[in-house]
Amino acid sequence: MSITLTDQDRPELQTTIEEMVESGFTGVTMRVHDERGEWVGSAGVRKLGETAKPPGNGHVRIGSNTKTFTATVVLQLVAEGAIGLDAPVTGYLPEFALDPRITVRMLLQHTSGVFNFTGDYNDDGTFVPGIPATTAGREWVDNRFKTYRPEELVRLALSQPARFEPGTDWSYANTNYVLARLLIEKVTGHSLAEEMQRLILGPLGLSDTVVPDTSPEIPEPHTHAYYRYEDAGRPKTVDVTRQNPSWISTGGDMISTTRDLHTFISALMGGKLLPAPLLAEMCKPHPKAGYGLGVFVQGTGENGGTVITHNGGMAGHAALMYSTPDGSKTLTAALNYVDDAALSMAGPFQKATQRLVEEVFGGGQAERAR
């Protein structure tokens with residue numbers, strides 16, 4: 001039975017999330033499961049202008065953590081024999097006339113070479129914009145309730161030249177996971193939400209996790225998300241908690257909670273969702289970026305440990321998900337902030353995640369206090 005710990009039991013963790021708020025986040029909730037029990041803490045505010053703290057298990061748009069859920073469904077369908085991991089994707093989705101060398105594995109590992117529909121960088125650092133929704137600023141705010149169909153996002157991406165020959169390099173592209181969604185739906189005849197419910201959400205009892213498709217709603221309770229842009233030369237901050245996430249689709253549209261994220265990543269790494277050989281394939285990192293199949297595999301610093309992780313940001317909402325390779329120790333967090341076209345929270349986000357990993361999995365104060 002898990003022991004529930006308080007701020008006083010883990011003051012170093014509470015201090016860390018309070019310092020994250022000082023660095024610019026509006027609200028942070030973190031959940032840690034390890035040999036000392038379960039610790040949950042929050043800092044900051046639920047809504048700008050108010051004093052209430054973020055809820056301990058509030059809903060958050062989890063961004064690219066959606067990719068880990070989606071990759072798991074694909075691999076479960078591989079285990080069922082419905083999909084071949086190294087089969088050409090065009091055999092399942094001939095309507096897109098994909099390069100026949102692109103395999104299912106390449107989608108999940110971002111080695112297909114397809115253009116990222118949310119925009120991509122050339123080797124010289126110049127940015128090639130994607131769909132209008134992601135050009136940022138007021139245009140994004142004004143279009144945040146528009147519906148995009150996944151096929152539309154894929155066709156836009158395929159109208160751009162490939163980044164590289166399939167399988168020869170690595171480049172993160174949301175397009176890969178929208179193709180994975182269409183693949184799931186094609187081979188099963190069911191929506192992604194139905195397959196997610198059948199294979200993950202139902203079996204694990206993840207009742208607070210949502211595949212929203214085009215719905216702009218987010219269940220209560222939740223902390224609010226914001227976007228800041230220039231309007232007639234003045235900064236304007238807008239509440240964007242409600243938005244139609246179809247502009248990102250399976251690249252990052254899901255909603256969950258820190259508790260459900262813990263249950264999911266712990267079960268996945270603990271071998272409850274995938275056969276051991278497929279879990280091993282999932283956690284085999286590409287040499288360029290340490291990316292497996294829907295997860296990053298990264299070191300924890302001085303003690304030589306490894307964590308399996310994915311993080312994600314979604315216009316003022318973000319989520320962190322970390323686990324030891326056996327699922328016995330996890331860190332999940334919900335972050336809320338004021339987003340902008342300059343991605344000004346990217347620096348504090350990087351520093352905060354590095355510190356959290358060091359504190360919980362590495363040689364930080366939390367480790368030394370045991």
# chains A, B, ... in the order shown; residues from 1 in each chain; ligands from 1
>>> residues_around(residues="range 234-236 of chain A", least_positions_apart="5", cutoff="12 Å", atoms="only C-alpha atoms", output="PyMOL selection string")
chain A and resi 137-138+141+226-229+338-341
>>> closest_residue(among="A:Pro88, A:Pro212, A:Gly37, A:Pro100", to="Ile248 in chain A", atoms="only C-alpha atoms")
A:Pro212
>>> closest_residue(among="A:Ala52, A:Val32, A:Ala71, A:Leu179", to="Val89 in chain A", atoms="only C-alpha atoms")
A:Leu179
>>> select_by_dssp(residues="range 213-309 of chain A", states="strand (DSSP E or B)", output="list in words")
His222, Tyr226, Tyr227, Arg228, Tyr229, Glu230, Asp231, Arg234, Pro235, Lys236, Thr237, Val238, Asp239, Ile255, Ser256, Tyr291, Phe296, Val297, Gln298, Gly299, Thr306, Val307, Ile308 and Thr309 of chain A
>>> residues_around(residues="range 172-174 of chain A", least_positions_apart="3", cutoff="12 Å", atoms="only C-alpha atoms", output="VMD selection string")
chain A and resid 63 to 67 70 106 to 121 130 to 131 150 153 to 154 157 to 158 162 to 163 169 177 to 181 247 to 253 286 288 to 296 312
>>> residues_around(residues="Thr353 in chain A", least_positions_apart="3", cutoff="12 Å", atoms="only C-alpha atoms", output="number ranges by chain")
A: 16-17, 20, 28, 30, 300, 309-312, 318-322, 331-335, 346-350, 356-361
>>> write_last_selection(atoms="C-alpha atoms", output="PDB file, in the first residue's frame")
ATOM      1  CA  THR A  16      11.693  22.934  -6.425  1.00  0.00           C
ATOM      2  CA  ILE A  17       8.167  23.454  -7.732  1.00  0.00           C
ATOM      3  CA  MET A  20       9.541  26.830 -10.933  1.00  0.00           C
ATOM      4  CA  VAL A  28       2.763  23.474 -11.128  1.00  0.00           C
ATOM      5  CA  MET A  30       3.900  17.262  -9.280  1.00  0.00           C
ATOM      6  CA  THR A 300      19.943  10.812 -15.058  1.00  0.00           C
ATOM      7  CA  THR A 309      10.303   9.816 -20.554  1.00  0.00           C
ATOM      8  CA  HIS A 310       8.203  12.029 -22.748  1.00  0.00           C
ATOM      9  CA  ASN A 311       7.251  15.625 -22.109  1.00  0.00           C
ATOM     10  CA  GLY A 312       4.841  17.841 -23.960  1.00  0.00           C
ATOM     11  CA  ALA A 318       2.408  21.097 -20.358  1.00  0.00           C
ATOM     12  CA  ALA A 319       2.963  17.696 -18.794  1.00  0.00           C
ATOM     13  CA  LEU A 320       6.021  15.731 -17.684  1.00  0.00           C
ATOM     14  CA  MET A 321       6.219  11.945 -17.482  1.00  0.00           C
ATOM     15  CA  TYR A 322       9.308  10.081 -16.220  1.00  0.00           C
ATOM     16  CA  LEU A 331       7.569  11.515 -11.672  1.00  0.00           C
ATOM     17  CA  THR A 332       4.598  13.128 -13.391  1.00  0.00           C
ATOM     18  CA  ALA A 333       3.750  16.817 -13.448  1.00  0.00           C
ATOM     19  CA  ALA A 334       1.256  19.308 -14.850  1.00  0.00           C
ATOM     20  CA  LEU A 335       2.558  22.766 -15.726  1.00  0.00           C
ATOM     21  CA  ALA A 346      11.346  27.147 -23.170  1.00  0.00           C
ATOM     22  CA  GLY A 347      14.458  28.041 -21.151  1.00  0.00           C
ATOM     23  CA  PRO A 348      12.825  27.783 -17.709  1.00  0.00           C
ATOM     24  CA  PHE A 349      11.076  24.575 -18.876  1.00  0.00           C
ATOM     25  CA  GLN A 350      14.433  22.977 -19.773  1.00  0.00           C
ATOM     26  CA  LEU A 356      13.441  17.620 -11.282  1.00  0.00           C
ATOM     27  CA  VAL A 357      15.141  14.592 -12.841  1.00  0.00           C
ATOM     28  CA  GLU A 358      18.270  15.238 -10.796  1.00  0.00           C
ATOM     29  CA  GLU A 359      16.221  15.689  -7.627  1.00  0.00           C
ATOM     30  CA  VAL A 360      14.084  12.558  -8.016  1.00  0.00           C
ATOM     31  CA  PHE A 361      16.214  10.131 -10.049  1.00  0.00           C
TER      32      PHE A 361
END
>>> atom_distance(atom1="CA of His262 in chain A", atom2="CA of Arg31 in chain A")
7.9 Å
>>> closest_residue(among="A:Arg355, A:Arg155, A:His317, A:Arg105", to="Arg61 in chain A", atoms="only C-alpha atoms")
A:His317
>>> select_by_dssp(residues="range 164-338 of chain A", states="alpha helix (DSSP H)", output="PyMOL selection string")
chain A and resi 174-188+192-196+202-204+258-269+276-282
>>> residues_around(residues="Val21 in chain A", least_positions_apart="3", cutoff="12 Å", atoms="only C-alpha atoms", output="PDB file with N, CA and C atoms, in the first residue's frame")
ATOM      1  N   GLN A  14       8.943  20.302  -2.747  1.00  0.00           N
ATOM      2  CA  GLN A  14       8.065  21.474  -2.688  1.00  0.00           C
ATOM      3  C   GLN A  14       8.841  22.735  -3.055  1.00  0.00           C
ATOM      4  N   THR A  15      10.066  22.848  -2.555  1.00  0.00           N
ATOM      5  CA  THR A  15      10.894  24.015  -2.872  1.00  0.00           C
ATOM      6  C   THR A  15      11.156  24.094  -4.365  1.00  0.00           C
ATOM      7  N   THR A  16      11.403  22.954  -4.986  1.00  0.00           N
ATOM      8  CA  THR A  16      11.693  22.934  -6.425  1.00  0.00           C
ATOM      9  C   THR A  16      10.519  23.446  -7.240  1.00  0.00           C
ATOM     10  N   ILE A  17       9.304  22.994  -6.922  1.00  0.00           N
ATOM     11  CA  ILE A  17       8.167  23.454  -7.732  1.00  0.00           C
ATOM     12  C   ILE A  17       7.820  24.913  -7.421  1.00  0.00           C
ATOM     13  N   GLU A  18       8.090  25.357  -6.190  1.00  0.00           N
ATOM     14  CA  GLU A  18       7.857  26.770  -5.883  1.00  0.00           C
ATOM     15  C   GLU A  18       8.835  27.649  -6.657  1.00  0.00           C
ATOM     16  N   GLY A  24       8.519  31.665 -13.644  1.00  0.00           N
ATOM     17  CA  GLY A  24       7.567  32.121 -14.648  1.00  0.00           C
ATOM     18  C   GLY A  24       6.343  31.262 -14.870  1.00  0.00           C
ATOM     19  N   PHE A  25       6.326  30.028 -14.364  1.00  0.00           N
ATOM     20  CA  PHE A  25       5.127  29.191 -14.525  1.00  0.00           C
ATOM     21  C   PHE A  25       4.003  29.737 -13.653  1.00  0.00           C
ATOM     22  N   THR A  26       2.765  29.664 -14.158  1.00  0.00           N
ATOM     23  CA  THR A  26       1.648  30.151 -13.339  1.00  0.00           C
ATOM     24  C   THR A  26       1.221  29.110 -12.315  1.00  0.00           C
ATOM     25  N   GLY A  27       1.339  27.830 -12.677  1.00  0.00           N
ATOM     26  CA  GLY A  27       0.959  26.766 -11.752  1.00  0.00           C
ATOM     27  C   GLY A  27       1.710  25.485 -12.041  1.00  0.00           C
ATOM     28  N   VAL A  28       2.053  24.746 -10.990  1.00  0.00           N
ATOM     29  CA  VAL A  28       2.763  23.474 -11.128  1.00  0.00           C
ATOM     30  C   VAL A  28       2.176  22.472 -10.139  1.00  0.00           C
ATOM     31  N   THR A  29       1.873  21.277 -10.618  1.00  0.00           N
ATOM     32  CA  THR A  29       1.501  20.164  -9.744  1.00  0.00           C
ATOM     33  C   THR A  29       2.422  19.004 -10.064  1.00  0.00           C
ATOM     34  N   SER A  42       1.710  21.071  -5.012  1.00  0.00           N
ATOM     35  CA  SER A  42       1.388  22.065  -6.027  1.00  0.00           C
ATOM     36  C   SER A  42       1.860  23.431  -5.570  1.00  0.00           C
ATOM     37  N   ALA A  43       2.039  24.307  -6.540  1.00  0.00           N
ATOM     38  CA  ALA A  43       2.494  25.668  -6.268  1.00  0.00           C
ATOM     39  C   ALA A  43       1.925  26.581  -7.342  1.00  0.00           C
ATOM     40  N   GLY A  44       1.895  27.880  -7.037  1.00  0.00           N
ATOM     41  CA  GLY A  44       1.346  28.827  -8.000  1.00  0.00           C
ATOM     42  C   GLY A  44      -0.153  28.945  -7.866  1.00  0.00           C
ATOM     43  N   VAL A  45      -0.814  29.336  -8.955  1.00  0.00           N
ATOM     44  CA  VAL A  45      -2.252  29.577  -8.916  1.00  0.00           C
ATOM     45  C   VAL A  45      -2.968  28.801 -10.015  1.00  0.00           C
ATOM     46  N   ARG A  46      -4.245  28.552  -9.753  1.00  0.00           N
ATOM     47  CA  ARG A  46      -5.090  27.857 -10.728  1.00  0.00           C
ATOM     48  C   ARG A  46      -5.472  28.790 -11.874  1.00  0.00           C
ATOM     49  N   LYS A  53      -4.678  27.504  -5.298  1.00  0.00           N
ATOM     50  CA  LYS A  53      -3.579  26.725  -5.869  1.00  0.00           C
ATOM     51  C   LYS A  53      -4.113  25.735  -6.912  1.00  0.00           C
ATOM     52  N   PRO A  54      -3.242  25.256  -7.800  1.00  0.00           N
ATOM     53  CA  PRO A  54      -3.666  24.233  -8.760  1.00  0.00           C
ATOM     54  C   PRO A  54      -4.186  22.989  -8.032  1.00  0.00           C
ATOM     55  N   LEU A 335       2.041  21.403 -15.769  1.00  0.00           N
ATOM     56  CA  LEU A 335       2.558  22.766 -15.726  1.00  0.00           C
ATOM     57  C   LEU A 335       1.616  23.685 -16.496  1.00  0.00           C
ATOM     58  N   ASN A 336       1.455  24.889 -15.998  1.00  0.00           N
ATOM     59  CA  ASN A 336       0.655  25.886 -16.693  1.00  0.00           C
ATOM     60  C   ASN A 336       1.439  27.175 -16.765  1.00  0.00           C
ATOM     61  N   TYR A 337       1.263  27.899 -17.880  1.00  0.00           N
ATOM     62  CA  TYR A 337       2.109  29.068 -18.106  1.00  0.00           C
ATOM     63  C   TYR A 337       1.465  29.981 -19.142  1.00  0.00           C
ATOM     64  N   VAL A 338       2.099  31.118 -19.368  1.00  0.00           N
ATOM     65  CA  VAL A 338       1.682  32.044 -20.419  1.00  0.00           C
ATOM     66  C   VAL A 338       2.584  31.791 -21.612  1.00  0.00           C
ATOM     67  N   MET A 345       9.063  30.559 -22.447  1.00  0.00           N
ATOM     68  CA  MET A 345       9.152  29.649 -21.303  1.00  0.00           C
ATOM     69  C   MET A 345      10.012  28.427 -21.593  1.00  0.00           C
ATOM     70  N   PRO A 348      13.212  28.245 -19.050  1.00  0.00           N
ATOM     71  CA  PRO A 348      12.825  27.783 -17.709  1.00  0.00           C
ATOM     72  C   PRO A 348      12.295  26.349 -17.701  1.00  0.00           C
ATOM     73  N   PHE A 349      11.593  25.944 -18.768  1.00  0.00           N
ATOM     74  CA  PHE A 349      11.076  24.575 -18.876  1.00  0.00           C
ATOM     75  C   PHE A 349      12.234  23.582 -18.874  1.00  0.00           C
ATOM     76  N   ALA A 352      13.965  23.517 -15.436  1.00  0.00           N
ATOM     77  CA  ALA A 352      13.108  22.897 -14.429  1.00  0.00           C
ATOM     78  C   ALA A 352      13.097  21.377 -14.568  1.00  0.00           C
TER      79      ALA A 352
END
>>> atom_distance(atom1="CA of Pro203 in chain A", atom2="CA of Leu273 in chain A")
9.1 Å
>>> residues_around(residues="Arg242 in chain A", least_positions_apart="5", cutoff="8 Å", atoms="only C-alpha atoms", output="list of chain:residue names")
A:Pro216, A:Glu217, A:Ile218
>>> write_last_selection(atoms="N, CA, C and O atoms", output="PDB file, in the first residue's frame")
ATOM      1  N   PRO A 216     -13.309  21.347 -27.770  1.00  0.00           N
ATOM      2  CA  PRO A 216     -12.463  22.344 -27.105  1.00  0.00           C
ATOM      3  C   PRO A 216     -12.486  22.250 -25.586  1.00  0.00           C
ATOM      4  O   PRO A 216     -11.739  22.953 -24.908  1.00  0.00           O
ATOM      5  N   GLU A 217     -13.318  21.375 -25.053  1.00  0.00           N
ATOM      6  CA  GLU A 217     -13.515  21.335 -23.596  1.00  0.00           C
ATOM      7  C   GLU A 217     -12.393  20.575 -22.887  1.00  0.00           C
ATOM      8  O   GLU A 217     -11.769  19.676 -23.450  1.00  0.00           O
ATOM      9  N   ILE A 218     -12.174  20.936 -21.640  1.00  0.00           N
ATOM     10  CA  ILE A 218     -11.269  20.196 -20.761  1.00  0.00           C
ATOM     11  C   ILE A 218     -12.011  19.992 -19.443  1.00  0.00           C
ATOM     12  O   ILE A 218     -12.581  20.948 -18.900  1.00  0.00           O
TER      13      ILE A 218
END
>>> closest_residue(among="A:Val60, A:Val240, A:Val73, A:Ala315", to="Gln197 in chain A", atoms="only C-alpha atoms")
A:Val73
>>> atom_distance(atom1="CA of Tyr92 in chain A", atom2="CA of Thr72 in chain A")
18.2 Å
